[in-house]
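Visitor: Provided herewith: structure_12.cif, mmCIF, C-alpha atoms.
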data_entry
loop_
_atom_site.label_atom_id
_atom_site.label_comp_id
_atom_site.auth_asym_id
_atom_site.auth_seq_id
_atom_site.Cartn_x
_atom_site.Cartn_y
_atom_site.Cartn_z
CA MET A 223 69.80 155.08 28.08
CA ARG A 224 66.98 157.39 27.10
CA GLU A 225 64.56 157.65 24.26
CA ASN A 226 65.31 160.61 22.06
CA ASN A 227 62.95 163.14 20.64
CA PRO A 228 64.83 164.29 17.51
CA SER A 229 62.73 167.45 17.26
CA THR A 230 64.47 168.74 20.38
CA SER A 231 66.46 171.89 19.64
CA LEU A 232 70.09 171.11 18.86
CA GLN A 233 72.00 173.45 21.14
CA PRO A 234 75.68 174.37 20.55
CA GLU A 235 76.82 172.28 23.51
CA LEU A 236 75.23 169.14 22.04
CA THR A 237 77.46 166.63 20.25
CA VAL A 238 75.81 164.52 17.56
CA ILE A 239 77.46 161.11 17.19
CA ARG A 240 76.51 159.10 14.12
CA VAL A 241 77.21 155.37 14.35
CA GLY A 242 76.90 153.66 10.97
CA ARG A 243 77.50 150.05 10.07
CA HIS A 244 81.15 150.76 9.26
CA SER A 245 81.45 154.48 10.00
CA LEU A 246 81.62 156.87 12.91
CA SER A 247 81.38 160.66 12.93
CA PHE A 248 80.94 163.61 15.29
CA SER A 249 79.36 167.01 14.70
CA ILE A 250 78.51 170.13 16.70
CA ALA A 251 76.93 173.48 15.84
CA ASN A 252 79.25 176.36 15.01
CA GLU A 253 76.98 179.37 15.40
CA GLN A 254 79.78 181.93 15.17
CA ASP A 255 80.43 181.16 11.48
CA GLU A 256 77.50 181.46 9.07
CA GLU A 257 79.53 180.03 6.17
CA HIS A 258 80.60 177.03 8.25
CA PRO A 259 77.68 176.51 10.65
CA LEU A 260 78.68 172.96 11.50
CA ILE A 261 81.89 171.34 12.69
CA PHE A 262 81.96 167.82 11.28
CA GLU A 263 84.61 165.21 11.91
CA PRO A 264 84.53 161.63 10.59
CA TYR A 265 86.53 159.09 12.56
CA PRO A 266 88.60 156.44 10.68
CA VAL A 267 87.05 153.19 11.91
CA LYS A 268 89.48 150.34 12.50
CA LYS A 269 88.38 147.01 11.11
CA GLY A 270 88.61 143.95 13.32
CA ILE A 271 87.51 145.67 16.53
CA SER A 272 84.01 146.53 17.71
CA MET A 273 82.39 149.93 17.22
CA ALA A 274 82.46 150.35 21.01
CA ALA A 275 86.24 149.85 20.95
CA ASN A 276 86.55 152.33 18.08
CA LEU A 277 84.53 154.85 20.05
CA ARG A 278 86.72 154.32 23.11
CA GLU A 279 89.78 155.06 20.97
CA ALA A 280 88.12 158.15 19.51
CA PHE A 281 87.63 159.60 22.99
CA LYS A 282 91.39 159.40 23.53
CA SER A 283 91.97 161.87 20.70
CA ASP A 284 92.42 165.60 21.21
CA SER A 285 89.47 166.49 19.00
CA PRO A 286 87.61 169.56 20.34
CA LEU A 287 84.36 167.84 19.39
CA LEU A 288 84.92 165.27 22.11
CA GLN A 289 86.09 167.54 24.91
CA SER A 290 84.05 169.20 27.68
CA LYS A 291 80.65 168.23 26.32
CA GLN A 292 77.84 167.10 28.59
CA ARG A 293 75.09 166.18 26.16
CA ALA A 294 75.05 163.89 23.14
CA LEU A 295 72.55 162.71 20.56
CA VAL A 296 73.55 159.29 19.24
CA MET A 297 72.21 158.44 15.77
CA THR A 298 72.57 154.77 15.01
CA ASP A 299 72.01 152.76 11.84
CA ALA A 300 70.17 149.61 12.89
CA PRO A 301 67.19 147.57 11.65
CA THR A 302 63.99 149.37 12.58
CA LEU A 303 60.56 147.98 13.44
CA MET A 304 57.64 150.37 12.99
CA VAL A 305 54.73 150.00 15.46
CA PRO A 306 51.47 152.00 15.29
CA ARG A 307 51.47 154.36 18.25
CA ASP A 308 48.09 153.19 19.56
CA LEU A 309 49.34 149.57 19.63
CA TYR A 310 52.69 150.28 21.29
CA HIS A 311 53.35 149.02 24.81
CA GLN A 312 56.80 149.57 26.25
CA GLU A 313 56.89 146.25 28.08
CA GLU A 314 56.35 144.40 24.79
CA ALA A 315 58.98 146.30 22.78
CA GLU A 316 61.83 143.79 23.04
CA THR A 317 59.58 140.80 22.35
CA LEU A 318 58.11 142.46 19.28
CA TYR A 319 61.48 143.58 17.96
CA PHE A 320 63.24 140.24 18.29
CA HIS A 321 60.25 138.48 16.79
CA ALA A 322 60.89 140.49 13.63
CA PHE A 323 64.71 140.44 13.76
CA THR A 324 67.17 137.78 14.90
CA LYS A 325 67.95 138.26 18.57
CA GLN A 326 71.50 139.35 19.30
CA GLU A 327 73.19 139.17 22.66
CA GLY A 328 74.32 142.41 24.26
CA MET A 329 71.76 144.55 22.43
CA ALA A 330 69.14 146.87 23.94
CA VAL A 331 65.90 147.82 22.17
CA LEU A 332 64.95 151.51 22.27
CA PRO A 333 61.92 153.44 20.97
CA ASN A 334 61.60 156.69 19.02
CA GLN A 335 58.19 158.33 19.11
CA ILE A 336 57.29 159.81 15.71
CA ASN A 337 54.20 161.81 16.59
CA GLU A 338 53.71 163.28 13.11
CA LEU A 339 53.18 159.78 11.73
CA ASN A 340 51.45 158.19 14.70
CA ALA A 341 54.19 155.59 14.95
CA VAL A 342 56.92 154.32 17.23
CA ALA A 343 60.20 153.18 15.66
CA LEU A 344 61.98 150.40 17.58
CA PHE A 345 65.70 149.92 16.99
CA MET A 346 68.60 148.26 18.78
CA VAL A 347 71.85 149.58 20.21
CA ASN A 348 74.90 147.77 21.51
CA ARG A 349 75.08 147.86 25.31
CA ASP A 350 78.89 148.09 25.31
CA LEU A 351 78.62 151.14 23.07
CA CYS A 352 76.12 152.66 25.48
CA ASN A 353 78.45 152.04 28.41
CA VAL A 354 81.33 153.81 26.65
CA LEU A 355 79.09 156.80 25.93
CA SER A 356 77.76 156.89 29.49
CA ASP A 357 81.32 157.29 30.75
CA HIS A 358 81.66 160.53 28.78
CA TYR A 359 78.24 162.20 28.76
CA SER A 360 75.83 162.97 31.57
CA GLN A 361 72.88 163.27 29.17
CA LEU A 362 72.39 160.84 26.31
CA HIS A 363 69.61 160.49 23.76
CA TYR A 364 69.41 157.87 21.01
CA CYS A 365 67.61 157.78 17.68
CA SER A 366 67.60 155.86 14.44
CA VAL A 367 69.40 157.64 11.59
CA MET A 368 66.11 157.42 9.67
CA VAL A 369 64.00 159.48 12.08
CA PRO A 370 65.01 162.96 10.79
CA VAL A 371 64.79 161.65 7.21
CA TRP A 372 61.27 160.28 7.67
CA LYS A 373 60.13 163.53 9.26
CA TYR A 374 61.57 165.61 6.45
CA LEU A 375 60.27 163.42 3.63
CA TYR A 376 56.83 163.34 5.24
CA GLN A 377 56.67 167.14 5.13
CA ARG A 378 58.02 167.10 1.59
CA SER A 379 55.28 164.69 0.48
CA PHE A 380 52.69 167.47 0.83
CA VAL A 381 54.17 169.36 -2.14
CA GLY A 382 51.86 168.73 -5.10
CA LYS A 383 48.98 166.28 -5.40
CA ARG A 384 50.80 163.20 -6.69
CA ASN A 385 51.60 160.20 -4.50
CA LYS A 386 55.34 159.92 -3.81
CA LEU A 387 57.69 157.04 -3.13
CA TYR A 388 61.07 157.85 -1.56
CA GLY A 389 64.31 155.90 -1.54
CA TYR A 390 67.28 156.82 0.67
CA PHE A 391 70.64 155.11 0.02
CA HIS A 392 73.01 154.95 3.00
CA ASP A 393 75.32 152.57 4.84
CA GLY A 394 75.00 149.86 2.20
CA CYS A 395 71.21 149.73 2.28
CA LEU A 396 68.16 151.30 0.68
CA ASP A 397 65.34 152.63 2.88
CA VAL A 398 62.05 153.02 1.02
CA CYS A 399 59.02 154.87 2.37
CA SER A 400 55.75 156.45 1.35
CA PHE A 401 53.11 158.34 3.31
CA LYS A 402 49.35 158.75 3.31
CA GLN A 403 47.71 161.43 5.42
CA ASN A 404 49.49 161.23 8.79
CA ARG A 405 50.72 157.64 8.59
CA PHE A 406 53.25 155.48 6.82
CA LEU A 407 51.81 153.87 3.71
CA PHE A 408 55.01 151.83 3.32
CA CYS A 409 58.28 151.62 5.23
CA ASN A 410 61.00 149.03 4.70
CA SER A 411 64.76 148.66 4.38
CA PHE A 412 66.64 146.53 1.86
CA ASP A 413 70.26 145.43 1.92
CA ILE A 414 71.95 146.27 -1.36
CA THR A 415 74.13 143.31 -2.32
CA PRO A 416 77.74 144.44 -2.92
CA SER A 417 78.96 144.14 -6.47
CA ALA A 418 82.38 142.81 -7.49
CA THR A 419 83.85 146.27 -6.87
CA GLY A 420 82.47 146.37 -3.35
CA SER A 421 79.99 149.16 -4.09
CA ALA A 422 76.22 148.99 -3.67
CA ASN A 423 74.42 147.13 -6.44
CA ALA A 424 72.20 149.35 -8.57
CA HIS A 425 70.50 146.33 -10.14
CA ASP A 426 69.19 145.20 -6.76
CA ALA A 427 68.03 148.75 -6.03
CA LEU A 428 66.13 148.86 -9.33
CA PHE A 429 64.37 145.59 -8.50
CA PHE A 430 63.40 146.70 -4.97
CA LEU A 431 62.09 150.10 -6.08
CA LEU A 432 59.96 148.72 -8.91
CA SER A 433 58.65 145.95 -6.67
CA VAL A 434 57.48 148.44 -4.05
CA TRP A 435 55.99 150.68 -6.74
CA LYS A 436 53.95 147.72 -8.02
CA GLN A 437 52.96 146.63 -4.51
CA LEU A 438 51.56 150.09 -3.75
CA ALA A 439 49.75 150.20 -7.13
CA LEU A 440 51.27 153.60 -7.93
CA LYS A 441 50.54 155.07 -11.36
CA VAL A 442 53.46 154.95 -13.81
CA ASP A 443 52.19 158.00 -15.73
CA TYR A 444 51.29 160.16 -12.75
CA ASP A 445 52.95 159.41 -9.40
CA GLU A 446 56.55 160.25 -8.44
CA LEU A 447 59.70 158.47 -7.27
CA HIS A 448 62.39 160.48 -5.47
CA LEU A 449 65.86 159.18 -4.62
CA VAL A 450 68.51 160.67 -2.35
CA GLY A 451 71.76 159.72 -0.67
CA ASP A 452 74.72 157.70 -1.91
CA ILE A 453 72.97 156.45 -5.04
CA PRO A 454 74.89 153.64 -6.79
CA GLU A 455 75.42 154.11 -10.54
CA ARG A 456 73.14 157.10 -10.36
CA ASP A 457 72.82 157.91 -14.06
CA TRP A 458 72.25 154.28 -15.02
CA LEU A 459 69.67 153.74 -12.28
CA ILE A 460 67.68 156.87 -13.12
CA ASN A 461 67.71 156.04 -16.83
CA GLU A 462 66.48 152.51 -16.13
CA LEU A 463 63.74 153.75 -13.81
CA ARG A 464 62.53 156.23 -16.43
CA GLN A 465 61.94 153.37 -18.83
CA TYR A 466 59.17 152.25 -16.45
CA LEU A 467 58.13 155.43 -14.64
CA GLN A 468 57.54 158.85 -16.10
CA ARG A 469 58.55 160.78 -13.01
CA ALA A 470 61.78 159.56 -11.35
CA TYR A 471 63.91 162.25 -9.73
CA VAL A 472 67.02 162.77 -7.59
CA ILE A 473 66.61 165.07 -4.59
CA ASN A 474 69.15 167.89 -4.49
CA PRO A 475 69.67 168.81 -0.80
CA ALA A 476 71.11 172.21 -1.74
CA SER A 477 67.89 173.14 -3.54
CA ASP A 478 65.63 171.65 -0.88
CA PHE A 479 67.39 173.56 1.90
CA ASN A 480 67.81 176.88 0.07
CA ARG A 481 71.55 176.35 -0.53
CA ASP A 482 72.30 176.06 3.18
CA PRO A 483 76.11 175.82 3.67
CA ILE A 484 75.53 172.53 5.52
CA THR A 485 74.49 170.90 2.23
CA ARG A 486 77.92 171.64 0.73
CA MET A 487 79.87 169.83 3.43
CA GLU A 488 81.77 166.84 2.11
CA GLY A 489 80.97 163.49 3.70
CA LEU A 490 77.81 164.65 5.47
CA SER A 491 75.04 162.05 5.09
CA PHE A 492 71.52 163.15 4.18
CA ASP A 493 70.20 162.16 7.61
CA LEU A 494 72.68 164.57 9.23
CA VAL A 495 71.76 167.26 6.70
CA THR A 496 68.07 166.92 7.55
CA LEU A 497 68.80 166.90 11.28
CA TRP A 498 70.96 170.04 11.29
CA ALA A 499 69.40 172.07 8.47
CA ARG A 500 65.82 171.54 9.66
CA ASN A 501 66.88 172.48 13.19
CA LYS A 502 68.20 175.82 11.89
CA ARG A 503 64.83 176.51 10.28
CA THR A 504 62.89 175.84 13.47
CA ASN A 505 65.15 177.88 15.77
#
Any chance you could give the structure as structure tokens?

Guide:
Amino acid sequence: MRENNPSTSLQPELTVIRVGRHSLSFSIANEQDEEHPLIFEPYPVKKGISMAANLREAFKSDSPLLQSKQRALVMTDAPTLMVPRDLYHQEEAETLYFHAFTKQEGMAVLPNQINELNAVALFMVNRDLCNVLSDHYSQLHYCSVMVPVWKYLYQRSFVGKRNKLYGYFHDGCLDVCSFKQNRFLFCNSFDITPSATGSANAHDALFFLLSVWKQLALKVDYDELHLVGDIPERDWLINELRQYLQRAYVINPASDFNRDPITRMEGLSFDLVTLWARNKRTN
């Protein structure tokens, strides 16, 4: 297993595997088609078996995304512990992580260096999952699904003079972050309690967002809140937020990325959009 640097150029021969809490998908660049620059394939996860077992089954398919590839970037949704870069010591990573989160057997703790924010993100991956991947790829890199999102939102925070709070909805949780200069001002993740319909609970999201806003002493008549992702009860949530904050917005990926065709792809999470679309800009 290797630490990943998500700023590394995403070459056509690289497969990106996204492992969510209850989802699995594969994507590769498709440079020959400007209108469809990405080949994206979600995999129907079977309940009752582990994600490693699901991945093993996926490799038995005849999908071209899983054939004759040597390199893979594995994006995983897992609890993340942020450590200031000048306080990070590799030999202490596992102790620190499992002090913050309940220790689970069969899990490995990996780091992602986020140089722009002078931080190291620690996250865990299932060892069985890693073994399955090692059987199919000679080069593997791992990163938290949040790394490309944090990097993008950090750059976005420089637009205008107002302080900004961001909320990203994905995989049944809400990740909230804010930045000051070249560091995190706030970074935390909240589980969104399922409602009776099984969808994420917008009432919990409202409570978490307003609580963080108050904790950071942001100005209700000046500073900004930006939401993105699979927002539950979007219209209701935005209307409720605007009763307390003057500037609450929903990020439109198509506008942010100059109507890149990637932003129109159905089922593509915002973290994958930021990973692939930003890579196109830097290449």

Visitor: Once the PyMOL selection byres ((chain A and resi 386-394) around 7) has been evaluated on this model, what residues remain selected, and can you format them as a list in words?

Guide: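 Taken on the displayed file, the PyMOL selection byres ((chain A and resi 386-394) around 7) yields the residues Gly242, Arg243, Ser379, Arg384, Asn385, Cys395, Leu396, Asp397, Val398, Cys399, Ser400, Asp413, Ile414, Ala422, Asp445, Glu446, Leu447, His448, Leu449, Val450, Gly451, Asp452 and Ile453 of chain A.
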
Visitor: If you count all atoms listed in the file, which residues fall within 12 Å of Gln289 of chain A, apart from same-chain ones fewer than 4 positions away, as a PDB file with C-alpha atoms, keeping the file's coordinate frame?

Guide:
ATOM      1  CA  GLU A 235      76.820 172.280  23.510  1.00  0.00           C
ATOM      2  CA  LEU A 236      75.230 169.140  22.040  1.00  0.00           C
ATOM      3  CA  THR A 237      77.460 166.630  20.250  1.00  0.00           C
ATOM      4  CA  PHE A 248      80.940 163.610  15.290  1.00  0.00           C
ATOM      5  CA  ILE A 250      78.510 170.130  16.700  1.00  0.00           C
ATOM      6  CA  ALA A 280      88.120 158.150  19.510  1.00  0.00           C
ATOM      7  CA  PHE A 281      87.630 159.600  22.990  1.00  0.00           C
ATOM      8  CA  LYS A 282      91.390 159.400  23.530  1.00  0.00           C
ATOM      9  CA  SER A 283      91.970 161.870  20.700  1.00  0.00           C
ATOM     10  CA  ASP A 284      92.420 165.600  21.210  1.00  0.00           C
ATOM     11  CA  SER A 285      89.470 166.490  19.000  1.00  0.00           C
ATOM     12  CA  ARG A 293      75.090 166.180  26.160  1.00  0.00           C
ATOM     13  CA  ALA A 294      75.050 163.890  23.140  1.00  0.00           C
ATOM     14  CA  HIS A 358      81.660 160.530  28.780  1.00  0.00           C
ATOM     15  CA  TYR A 359      78.240 162.200  28.760  1.00  0.00           C
TER      16      TYR A 359
END

Visitor: Run the PyMOL selection byres ((chain A and resi 483) around 9) against the file shown and list the residues it catches, as a PDB file with C-alpha atoms, in the coordinates of the input.

Guide:
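File written: selection34.pdb
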ATOM      1  CA  GLU A 256      77.500 181.460   9.070  1.00  0.00           C
ATOM      2  CA  GLU A 257      79.530 180.030   6.170  1.00  0.00           C
ATOM      3  CA  HIS A 258      80.600 177.030   8.250  1.00  0.00           C
ATOM      4  CA  PRO A 259      77.680 176.510  10.650  1.00  0.00           C
ATOM      5  CA  LEU A 260      78.680 172.960  11.500  1.00  0.00           C
ATOM      6  CA  ALA A 476      71.110 172.210  -1.740  1.00  0.00           C
ATOM      7  CA  ARG A 481      71.550 176.350  -0.530  1.00  0.00           C
ATOM      8  CA  ASP A 482      72.300 176.060   3.180  1.00  0.00           C
ATOM      9  CA  ILE A 484      75.530 172.530   5.520  1.00  0.00           C
ATOM     10  CA  THR A 485      74.490 170.900   2.230  1.00  0.00           C
ATOM     11  CA  ARG A 486      77.920 171.640   0.730  1.00  0.00           C
ATOM     12  CA  MET A 487      79.870 169.830   3.430  1.00  0.00           C
TER      13      MET A 487
END

Visitor: Would you mind listing what lies within 10 Å of segment 265-275 of chain A as a list in words, with all atoms listed in the file counted and same-chain residues fewer than 2 positions away left out?

Guide: Val241, Gly242, Arg243, His244, Ser245, Leu246, Ser247, Phe248, Phe262, Glu263, Leu277, Arg278, Glu279, Ala280, Asn348, Arg349, Asp350, Leu351, Cys352, Asn353, Val354 and Leu355 of chain A

Visitor: Running the PyMOL selection byres ((chain A and resi 298) around 7) on this model by hand, what would come out? Give it as a ChimeraX atom specification.

Guide: /A:240-242,296-297,299-300,365-367

Visitor: Counting only C-alpha atoms, which residue out of A:Ala330, A:Ala251, A:Ala343, A:Val238 sits closest to Tyr310 of chain A?

Guide: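 Among A:Ala330, A:Ala251, A:Ala343, A:Val238, it is A:Ala343 that comes nearest to Tyr310 of chain A.
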
Visitor: Tell me which protein, DNA and RNA residues are within 12 Å of Tyr376 of chain A, counting all atoms listed in the file, leaving out same-chain ones fewer than 5 positions away, and put them as a VMD selection string.

Guide: chain A and resid 336 to 339 368 to 371 381 385 to 388 399 to 409

Visitor: Using all atoms listed in the file, which residues sit within 9 Å of Arg456 of chain A once same-chain residues fewer than 4 positions away are excluded, as a PyMOL selection string?

Guide: chain A and resi 424+452+460-461+472

Visitor: The selected residues should be written to file as a tab-separated table (two decimals), in the frame of the given file (atoms: C-alpha atoms).

Guide:
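Contents of the output file again13.tsv:
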chain	number	residue	atom	x	y	z
A	424	ALA	CA	72.20	149.35	-8.57
A	452	ASP	CA	74.72	157.70	-1.91
A	460	ILE	CA	67.68	156.87	-13.12
A	461	ASN	CA	67.71	156.04	-16.83
A	472	VAL	CA	67.02	162.77	-7.59

Visitor: Have a look at atom CA of Glu313 of chain A and atom CA of Val347 of chain A and let me know their distance in Å, one decimal.

Guide: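 About the pair atom CA of Glu313 of chain A and atom CA of Val347 of chain A: they are 17.2 Å apart.
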
Visitor: A:Leu375, A:Lys325, A:Leu463, A:Phe320: which is nearest Trp435 of chain A, counting all atoms listed in the file?

Guide: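 Closest residue, counting all atoms listed in the file: A:Leu463.
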
Visitor: Tell me, in Å to one decimal, how far atom CA of Val305 of chain A is from atom CA of Leu344 of chain A.

Guide: 7.6 Å

Visitor: Please report the interatomic distance between atom CA of Phe412 of chain A and atom CA of Leu295 of chain A in Å with one decimal.

Guide: 25.4 Å

Visitor: For segment 361-372 of chain A, supply all heavy atoms and report the output as a PDB file, keeping the file's coordinate frame.

Guide:
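Saved to part07.pdb:
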ATOM      1  N   GLN A 361      74.196 163.361  29.802  1.00  0.00           N
ATOM      2  CA  GLN A 361      72.880 163.270  29.170  1.00  0.00           C
ATOM      3  C   GLN A 361      73.029 162.645  27.797  1.00  0.00           C
ATOM      4  O   GLN A 361      73.782 163.154  26.951  1.00  0.00           O
ATOM      5  CB  GLN A 361      72.245 164.658  29.031  1.00  0.00           C
ATOM      6  CG  GLN A 361      71.963 165.352  30.354  1.00  0.00           C
ATOM      7  CD  GLN A 361      71.296 166.692  30.135  1.00  0.00           C
ATOM      8  OE1 GLN A 361      70.361 166.833  29.357  1.00  0.00           O
ATOM      9  NE2 GLN A 361      71.788 167.711  30.833  1.00  0.00           N
ATOM     10  N   LEU A 362      72.313 161.559  27.570  1.00  0.00           N
ATOM     11  CA  LEU A 362      72.390 160.840  26.310  1.00  0.00           C
ATOM     12  C   LEU A 362      70.993 160.604  25.749  1.00  0.00           C
ATOM     13  O   LEU A 362      70.080 160.227  26.491  1.00  0.00           O
ATOM     14  CB  LEU A 362      73.085 159.489  26.492  1.00  0.00           C
ATOM     15  CG  LEU A 362      74.607 159.479  26.542  1.00  0.00           C
ATOM     16  CD1 LEU A 362      75.103 158.125  27.046  1.00  0.00           C
ATOM     17  CD2 LEU A 362      75.203 159.786  25.175  1.00  0.00           C
ATOM     18  N   HIS A 363      70.842 160.832  24.463  1.00  0.00           N
ATOM     19  CA  HIS A 363      69.610 160.490  23.760  1.00  0.00           C
ATOM     20  C   HIS A 363      70.004 159.686  22.525  1.00  0.00           C
ATOM     21  O   HIS A 363      71.057 159.921  21.925  1.00  0.00           O
ATOM     22  CB  HIS A 363      68.846 161.746  23.354  1.00  0.00           C
ATOM     23  CG  HIS A 363      68.364 162.556  24.519  1.00  0.00           C
ATOM     24  ND1 HIS A 363      67.138 162.358  25.110  1.00  0.00           N
ATOM     25  CD2 HIS A 363      68.968 163.553  25.210  1.00  0.00           C
ATOM     26  CE1 HIS A 363      66.999 163.202  26.112  1.00  0.00           C
ATOM     27  NE2 HIS A 363      68.093 163.945  26.197  1.00  0.00           N
ATOM     28  N   TYR A 364      69.134 158.748  22.143  1.00  0.00           N
ATOM     29  CA  TYR A 364      69.410 157.870  21.010  1.00  0.00           C
ATOM     30  C   TYR A 364      68.281 157.970  19.992  1.00  0.00           C
ATOM     31  O   TYR A 364      67.110 158.114  20.362  1.00  0.00           O
ATOM     32  CB  TYR A 364      69.522 156.408  21.472  1.00  0.00           C
ATOM     33  CG  TYR A 364      70.701 156.127  22.364  1.00  0.00           C
ATOM     34  CD1 TYR A 364      70.635 156.400  23.738  1.00  0.00           C
ATOM     35  CD2 TYR A 364      71.881 155.593  21.860  1.00  0.00           C
ATOM     36  CE1 TYR A 364      71.718 156.149  24.565  1.00  0.00           C
ATOM     37  CE2 TYR A 364      72.957 155.329  22.682  1.00  0.00           C
ATOM     38  CZ  TYR A 364      72.875 155.614  24.033  1.00  0.00           C
ATOM     39  OH  TYR A 364      73.954 155.363  24.851  1.00  0.00           O
ATOM     40  N   CYS A 365      68.642 157.870  18.714  1.00  0.00           N
ATOM     41  CA  CYS A 365      67.610 157.780  17.680  1.00  0.00           C
ATOM     42  C   CYS A 365      68.151 157.035  16.475  1.00  0.00           C
ATOM     43  O   CYS A 365      69.366 156.963  16.249  1.00  0.00           O
ATOM     44  CB  CYS A 365      67.079 159.157  17.284  1.00  0.00           C
ATOM     45  SG  CYS A 365      68.116 160.096  16.151  1.00  0.00           S
ATOM     46  N   SER A 366      67.241 156.473  15.716  1.00  0.00           N
ATOM     47  CA  SER A 366      67.600 155.860  14.440  1.00  0.00           C
ATOM     48  C   SER A 366      68.020 156.954  13.462  1.00  0.00           C
ATOM     49  O   SER A 366      67.471 158.063  13.474  1.00  0.00           O
ATOM     50  CB  SER A 366      66.402 155.094  13.874  1.00  0.00           C
ATOM     51  OG  SER A 366      66.571 154.809  12.505  1.00  0.00           O
ATOM     52  N   VAL A 367      68.989 156.650  12.591  1.00  0.00           N
ATOM     53  CA  VAL A 367      69.400 157.640  11.590  1.00  0.00           C
ATOM     54  C   VAL A 367      68.244 158.030  10.674  1.00  0.00           C
ATOM     55  O   VAL A 367      68.260 159.094  10.057  1.00  0.00           O
ATOM     56  CB  VAL A 367      70.581 157.121  10.729  1.00  0.00           C
ATOM     57  CG1 VAL A 367      71.812 156.870  11.573  1.00  0.00           C
ATOM     58  CG2 VAL A 367      70.197 155.876   9.948  1.00  0.00           C
ATOM     59  N   MET A 368      67.218 157.162  10.598  1.00  0.00           N
ATOM     60  CA  MET A 368      66.110 157.420   9.670  1.00  0.00           C
ATOM     61  C   MET A 368      65.084 158.396  10.218  1.00  0.00           C
ATOM     62  O   MET A 368      64.298 158.953   9.439  1.00  0.00           O
ATOM     63  CB  MET A 368      65.427 156.103   9.313  1.00  0.00           C
ATOM     64  CG  MET A 368      66.200 155.226   8.358  1.00  0.00           C
ATOM     65  SD  MET A 368      66.594 156.070   6.799  1.00  0.00           S
ATOM     66  CE  MET A 368      64.955 156.464   6.173  1.00  0.00           C
ATOM     67  N   VAL A 369      65.056 158.645  11.513  1.00  0.00           N
ATOM     68  CA  VAL A 369      64.000 159.480  12.080  1.00  0.00           C
ATOM     69  C   VAL A 369      63.971 160.884  11.458  1.00  0.00           C
ATOM     70  O   VAL A 369      62.918 161.345  10.998  1.00  0.00           O
ATOM     71  CB  VAL A 369      64.089 159.536  13.614  1.00  0.00           C
ATOM     72  CG1 VAL A 369      63.150 160.604  14.177  1.00  0.00           C
ATOM     73  CG2 VAL A 369      63.737 158.178  14.207  1.00  0.00           C
ATOM     74  N   PRO A 370      65.087 161.628  11.414  1.00  0.00           N
ATOM     75  CA  PRO A 370      65.010 162.960  10.790  1.00  0.00           C
ATOM     76  C   PRO A 370      64.687 162.887   9.300  1.00  0.00           C
ATOM     77  O   PRO A 370      64.050 163.798   8.760  1.00  0.00           O
ATOM     78  CB  PRO A 370      66.400 163.549  11.038  1.00  0.00           C
ATOM     79  CG  PRO A 370      67.288 162.389  11.306  1.00  0.00           C
ATOM     80  CD  PRO A 370      66.428 161.365  11.964  1.00  0.00           C
ATOM     81  N   VAL A 371      65.101 161.800   8.632  1.00  0.00           N
ATOM     82  CA  VAL A 371      64.790 161.650   7.210  1.00  0.00           C
ATOM     83  C   VAL A 371      63.307 161.420   7.004  1.00  0.00           C
ATOM     84  O   VAL A 371      62.677 162.055   6.150  1.00  0.00           O
ATOM     85  CB  VAL A 371      65.601 160.478   6.603  1.00  0.00           C
ATOM     86  CG1 VAL A 371      65.214 160.262   5.142  1.00  0.00           C
ATOM     87  CG2 VAL A 371      67.082 160.732   6.730  1.00  0.00           C
ATOM     88  N   TRP A 372      62.707 160.513   7.784  1.00  0.00           N
ATOM     89  CA  TRP A 372      61.270 160.280   7.670  1.00  0.00           C
ATOM     90  C   TRP A 372      60.476 161.555   7.911  1.00  0.00           C
ATOM     91  O   TRP A 372      59.532 161.864   7.179  1.00  0.00           O
ATOM     92  CB  TRP A 372      60.822 159.228   8.685  1.00  0.00           C
ATOM     93  CG  TRP A 372      61.213 157.825   8.351  1.00  0.00           C
ATOM     94  CD1 TRP A 372      61.281 157.251   7.116  1.00  0.00           C
ATOM     95  CD2 TRP A 372      61.596 156.802   9.284  1.00  0.00           C
ATOM     96  NE1 TRP A 372      61.686 155.940   7.216  1.00  0.00           N
ATOM     97  CE2 TRP A 372      61.873 155.639   8.529  1.00  0.00           C
ATOM     98  CE3 TRP A 372      61.715 156.769  10.676  1.00  0.00           C
ATOM     99  CZ2 TRP A 372      62.272 154.452   9.132  1.00  0.00           C
ATOM    100  CZ3 TRP A 372      62.115 155.589  11.275  1.00  0.00           C
ATOM    101  CH2 TRP A 372      62.390 154.448  10.509  1.00  0.00           C
TER     102      TRP A 372
END
